[in-house]
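Trainee: Provided herewith is a single structure, encoded as structure tokens, for subsequent inquiry.
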Amino acid sequence: MSEQAALERVADLVRRESGLELPANRQAALRAAIRRTGAAGPDEFLALIARSGSRAAVERLLDEVTVQETSFYRDVRQLEAIGWHGLYAAAVRADAALVRVWSAGCATGEEAYTLAMLASEAFAPGPPPVEIVGTDISGAALGRALAGRYGPRRVRTVPSGLQDRYLAVDGGALVVRPALRRLVRFARHNLVGDVSPPAGEAPFDLVVCRNVLIYFDPETAERVAGSLAGALRAGGTLLLGAADQLGRAQRLGRDEATGSSHPGTSVHTRPDDLLAHAVAAADAGNTEEALARIGLLLAHDPLNVGGHFLRGLVELPHDPRAAVDSLRRALLIDPRFSVAAFQLGRAYDALGDEAEARTAYAQALHTLDSDDLRYDQLLGQIDLGDVATAIRARISALT
């Protein structure tokens, strides 16, 4: 077997085990990761895992290649919108004493501890009735999460008052205080290969999985999103990252835990009302109703950029060619609508047109503007840094 063929077999192993795509432009990084496992190259690595007792080598490789980028208070507006008291009331109605939270793909633990801080503040001065489970595929990342020890740069986004309350200085590091640590436990879990909820865990009231699905191929991402939703208690909430939401064709419905509610469904003729109800129908997964309302909107206002954009989103999973037409119309009206360009790239991706996809993604990255608030009704609280992450991931995959 040639070295290239062996390398492709290792990349396929990583994809099967973790869902992570390793395109050709990451082959050098994969070779380096293989060497860090102790194998000289892909042939030796394959020979190693062919022998019994080789699971440790596979897990070491996954530690080396899985993305472990996270931080405290990342996209905090989304987390601050969690309605902790509403979650607790729902848990009590279900005869539960605690709000159960799953931080899926928690990496080195910053998000899980951030959730614990926010819950503690919400229920202060008493202890919060909350338990948080953080899981990740990487044993090395979980080891750092369990240690709860972070350098000053890693905690710089935590408000100073909360740093003093929840973190203790220990030499040149900051360590999670026991009161916060008691709210969080960590376990190893593979979102692609393991059952959800994790073995031995009851259903959750809130599942948080942010900016993980963008690293999976579309089919795997949808399957994982479905399994995460299946890990919820009845009425529970799945909170995905902005980039993950944009990477899917339709956003999942939101309830009181995200501070959002769906408007009514009566028909209005004002363009703003038609768009609002089209958004609500799309959020609820009512494709036919959403398209009907968008049709009414565009009949009243043929140059409504939001209507063309939303129609493209709704069309994308079923008819990417139609989505291309709708999204291109949105960009003809507003060439600086960066998220429309991103979705156009996804539509071309679905059609297998890599050249056009790269062009659309490049336009999206070039026009991204954090001060652009024109489309809040359509996009909600989206951190454009996460949008940029999603765009760069696709550009890298296509390069």
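Scheme for the structure tokens: letters A, B, ... for chains in order shown; per-chain residue numbers from 1; ligand numbers from 1 in order shown.
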Would you kindly return, as number ranges by chain, each protein, DNA or RNA residue with an atom no farther than 7 Å from any atom of region 32-42 of chain A, considering only C-alpha atoms and excluding same-chain residues fewer than 4 positions away?

Mentor: A: 3, 6-7, 10, 28, 46, 57, 60-61, 64-65

Trainee: Please extract the residues of region 21-243 of chain A with a backbone DSSP assignment of alpha helix (DSSP H) and present them as a ChimeraX atom specification.

Mentor: /A:27-36,42-50,55-65,76-80,84-93,110-123,139-147,160-166,178-181,218-230,242-243

Trainee: Kindly indicate which residue among A:Leu316, A:Leu303, A:Ala278, A:Val224 lies nearest to Arg329 (chain A), using only C-alpha atoms for the distances.

Mentor: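 Of all the options, A:Leu303 lies closest to Arg329 (chain A).
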
Trainee: Ranking A:Leu191, A:Leu142, A:Ala173, A:Leu20 by minimum distance to Ile214 (chain A) and counting only C-alpha atoms, which one comes first?

Mentor: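 Going through A:Leu191, A:Leu142, A:Ala173, A:Leu20 one by one, the smallest distance to Ile214 (chain A) is for A:Leu20.
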
Trainee: Restricting the calculation to only C-alpha atoms: of A:Gly105, A:Gly86, A:Gly126, A:Gly285, which residue gets closest to Leu240 (chain A)?

Mentor: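 Answer, going by the shortest atom-to-atom distance: A:Gly105.
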
Trainee: So which residues touch Leu275 (chain A) within 7 Å, counting only C-alpha atoms, skipping near sequence neighbours fewer than 5 positions away, as a compact mmCIF listing (two decimals) with C-alpha atoms, in the first residue's frame?

Mentor:
```txt
# COMPACT_ATOMS: atom_id res chain seq x y z
CA ILE A 294 -42.76 34.32 1.67
CA LEU A 297 -44.42 38.90 0.99
CA GLY A 307 -37.88 37.29 1.78
```

Trainee: Leaving out Pro197 (chain A) and any residue of its chain fewer than 3 positions from it, which residues lie within 10 Å of it when counting only C-alpha atoms, given as an NGL selection string?

Mentor: :A and (102 or 104 or 189 or 191 or 194 or 200-204 or 207 or 227-232)

Trainee: Could you write out the selected residues, including N, CA and C atoms, as a tab-separated table (two decimals), in the first residue's frame?

Mentor:
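The result, stored in part-v5.tsv:
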```tsv
chain	number	residue	atom	x	y	z
A	102	TRP	N	-26.52	19.50	29.58
A	102	TRP	CA	-25.43	18.77	28.91
A	102	TRP	C	-24.66	19.73	28.02
A	104	ALA	N	-22.25	19.46	25.35
A	104	ALA	CA	-21.75	18.41	24.46
A	104	ALA	C	-20.61	18.97	23.60
A	189	HIS	N	-17.38	11.07	25.82
A	189	HIS	CA	-18.53	10.70	24.98
A	189	HIS	C	-18.21	11.07	23.55
A	191	LEU	N	-19.89	11.96	20.12
A	191	LEU	CA	-21.16	12.38	19.56
A	191	LEU	C	-21.56	11.55	18.35
A	194	ASP	N	-21.45	7.16	20.00
A	194	ASP	CA	-22.09	6.75	21.24
A	194	ASP	C	-23.56	7.15	21.27
A	200	GLY	N	-26.16	5.86	31.00
A	200	GLY	CA	-26.33	6.11	32.43
A	200	GLY	C	-26.91	7.47	32.76
A	201	GLU	N	-27.11	8.32	31.75
A	201	GLU	CA	-27.63	9.67	32.00
A	201	GLU	C	-29.12	9.73	31.67
A	202	ALA	N	-29.87	10.41	32.54
A	202	ALA	CA	-31.27	10.68	32.27
A	202	ALA	C	-31.37	11.79	31.24
A	203	PRO	N	-32.55	11.98	30.64
A	203	PRO	CA	-32.70	13.09	29.68
A	203	PRO	C	-32.40	14.45	30.32
A	204	PHE	N	-32.10	15.40	29.48
A	204	PHE	CA	-31.68	16.73	29.93
A	204	PHE	C	-32.75	17.77	29.65
A	207	VAL	N	-29.62	21.08	26.35
A	207	VAL	CA	-28.42	20.54	25.71
A	207	VAL	C	-27.77	21.68	24.94
A	227	SER	N	-29.85	13.29	17.32
A	227	SER	CA	-29.61	12.53	18.55
A	227	SER	C	-29.53	13.45	19.76
A	228	LEU	N	-29.00	14.66	19.59
A	228	LEU	CA	-28.98	15.62	20.69
A	228	LEU	C	-30.40	16.03	21.08
A	229	ALA	N	-31.23	16.28	20.08
A	229	ALA	CA	-32.62	16.62	20.37
A	229	ALA	C	-33.31	15.46	21.09
A	230	GLY	N	-32.94	14.23	20.72
A	230	GLY	CA	-33.53	13.07	21.37
A	230	GLY	C	-33.07	12.87	22.80
A	231	ALA	N	-32.04	13.58	23.22
A	231	ALA	CA	-31.55	13.47	24.60
A	231	ALA	C	-32.27	14.41	25.55
A	232	LEU	N	-33.23	15.18	25.02
A	232	LEU	CA	-33.94	16.16	25.84
A	232	LEU	C	-35.16	15.55	26.53
```

Trainee: DSSP says strand (DSSP E) for which residues of region 40-183 of chain A? Put them as a ChimeraX atom specification?

Mentor: /A:99-104,130-136,149-150,167-170,173-176

Trainee: Compile the contact shell of Phe342 (chain A) as an NGL selection string: residues with an atom at most 8 Å away, counting only C-alpha atoms, same-chain residues fewer than 5 positions apart removed.

Mentor: :A and (360-361 or 363-364 or 391)

Trainee: Any chance you can output those residues with N, CA and C atoms as a PDB file, in the first residue's frame?

Mentor:
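Dumped everything to part.pdb:
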```pdb
ATOM      1  N   ALA A 360     -18.502  32.258  -3.485  1.00  0.00           N
ATOM      2  CA  ALA A 360     -19.537  32.754  -2.562  1.00  0.00           C
ATOM      3  C   ALA A 360     -18.994  32.873  -1.143  1.00  0.00           C
ATOM      4  N   TYR A 361     -18.224  31.877  -0.696  1.00  0.00           N
ATOM      5  CA  TYR A 361     -17.652  31.952   0.651  1.00  0.00           C
ATOM      6  C   TYR A 361     -16.688  33.128   0.770  1.00  0.00           C
ATOM      7  N   GLN A 363     -16.839  35.928  -0.885  1.00  0.00           N
ATOM      8  CA  GLN A 363     -17.664  37.131  -0.799  1.00  0.00           C
ATOM      9  C   GLN A 363     -18.229  37.290   0.608  1.00  0.00           C
ATOM     10  N   ALA A 364     -18.658  36.190   1.203  1.00  0.00           N
ATOM     11  CA  ALA A 364     -19.208  36.253   2.560  1.00  0.00           C
ATOM     12  C   ALA A 364     -18.173  36.760   3.545  1.00  0.00           C
ATOM     13  N   ILE A 391     -17.328  30.014   7.816  1.00  0.00           N
ATOM     14  CA  ILE A 391     -16.919  30.328   6.441  1.00  0.00           C
ATOM     15  C   ILE A 391     -15.507  29.830   6.185  1.00  0.00           C
TER      16      ILE A 391
END
```

Trainee: Using only C-alpha atoms, which residues sit within 8 Å of region 70-76 of chain A once same-chain residues fewer than 2 positions away are excluded, as JSON, numbers by chain?

Mentor: {"A": [68, 78, 79, 80, 107, 108, 110, 111, 113, 114, 154, 155, 157, 158, 383]}

Trainee: Just the residues within 12 Å of Arg9 (chain A), please, counting only C-alpha atoms, with nothing from its chain fewer than 6 positions along; format it as number ranges by chain.

Mentor: A: 1-3, 15-16, 22, 27, 30, 42-43, 45-47

Trainee: Using the selection just defined, write its residues with N, CA and C atoms as a PDB file, in the first residue's frame.

Mentor:
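Writing done, so here's selection.pdb:
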```pdb
ATOM      1  N   MET A   1       0.842  -1.192   0.000  1.00  0.00           N
ATOM      2  CA  MET A   1       0.000   0.000   0.000  1.00  0.00           C
ATOM      3  C   MET A   1       0.879   1.245   0.000  1.00  0.00           C
ATOM      4  N   SER A   2       0.541   2.213  -0.839  1.00  0.00           N
ATOM      5  CA  SER A   2       1.310   3.454  -0.870  1.00  0.00           C
ATOM      6  C   SER A   2       1.046   4.275   0.387  1.00  0.00           C
ATOM      7  N   GLU A   3       1.988   5.198   0.668  1.00  0.00           N
ATOM      8  CA  GLU A   3       1.805   6.048   1.851  1.00  0.00           C
ATOM      9  C   GLU A   3       0.534   6.876   1.726  1.00  0.00           C
ATOM     10  N   ARG A  15     -12.700   9.945  10.391  1.00  0.00           N
ATOM     11  CA  ARG A  15     -14.065  10.348  10.039  1.00  0.00           C
ATOM     12  C   ARG A  15     -15.084   9.385  10.642  1.00  0.00           C
ATOM     13  N   ARG A  16     -14.822   8.082  10.569  1.00  0.00           N
ATOM     14  CA  ARG A  16     -15.760   7.113  11.136  1.00  0.00           C
ATOM     15  C   ARG A  16     -15.850   7.249  12.643  1.00  0.00           C
ATOM     16  N   LEU A  22     -11.283  15.473   7.209  1.00  0.00           N
ATOM     17  CA  LEU A  22      -9.900  15.903   7.056  1.00  0.00           C
ATOM     18  C   LEU A  22      -9.603  16.018   5.563  1.00  0.00           C
ATOM     19  N   GLN A  27      -3.699  17.222   5.178  1.00  0.00           N
ATOM     20  CA  GLN A  27      -2.943  15.968   5.217  1.00  0.00           C
ATOM     21  C   GLN A  27      -1.612  16.130   5.951  1.00  0.00           C
ATOM     22  N   LEU A  30      -2.358  15.905   9.513  1.00  0.00           N
ATOM     23  CA  LEU A  30      -2.669  14.534   9.897  1.00  0.00           C
ATOM     24  C   LEU A  30      -1.389  13.720  10.037  1.00  0.00           C
ATOM     25  N   PRO A  42       1.772   6.707   8.443  1.00  0.00           N
ATOM     26  CA  PRO A  42       0.456   6.074   8.387  1.00  0.00           C
ATOM     27  C   PRO A  42       0.508   4.558   8.267  1.00  0.00           C
ATOM     28  N   ASP A  43       1.502   4.017   7.536  1.00  0.00           N
ATOM     29  CA  ASP A  43       1.601   2.554   7.440  1.00  0.00           C
ATOM     30  C   ASP A  43       1.835   1.928   8.803  1.00  0.00           C
ATOM     31  N   PHE A  45       1.178   3.245  11.686  1.00  0.00           N
ATOM     32  CA  PHE A  45       0.008   3.452  12.541  1.00  0.00           C
ATOM     33  C   PHE A  45      -1.056   2.402  12.255  1.00  0.00           C
ATOM     34  N   LEU A  46      -1.319   2.123  10.974  1.00  0.00           N
ATOM     35  CA  LEU A  46      -2.311   1.104  10.633  1.00  0.00           C
ATOM     36  C   LEU A  46      -1.893  -0.272  11.135  1.00  0.00           C
ATOM     37  N   ALA A  47      -0.609  -0.567  11.068  1.00  0.00           N
ATOM     38  CA  ALA A  47      -0.122  -1.849  11.587  1.00  0.00           C
ATOM     39  C   ALA A  47      -0.302  -1.907  13.095  1.00  0.00           C
TER      40      ALA A  47
END
```

Trainee: Just the number, please: distance in Å from CA of Ser103 (chain A) to CA of Ser338 (chain A), one decimal.

Mentor: 29.3 Å

Trainee: So the first atom is CA of Gln4 (chain A) and the second is CA of Gly193 (chain A); what is the distance between them in Å, to one decimal place?

Mentor: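 Rounded to one decimal, the two atoms are 26.2 Å apart.
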
Trainee: Between CA of Arg185 (chain A) and CA of Leu167 (chain A), what is the spacing in Å?

Mentor: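 These atoms are spaced 16.9 Å apart.
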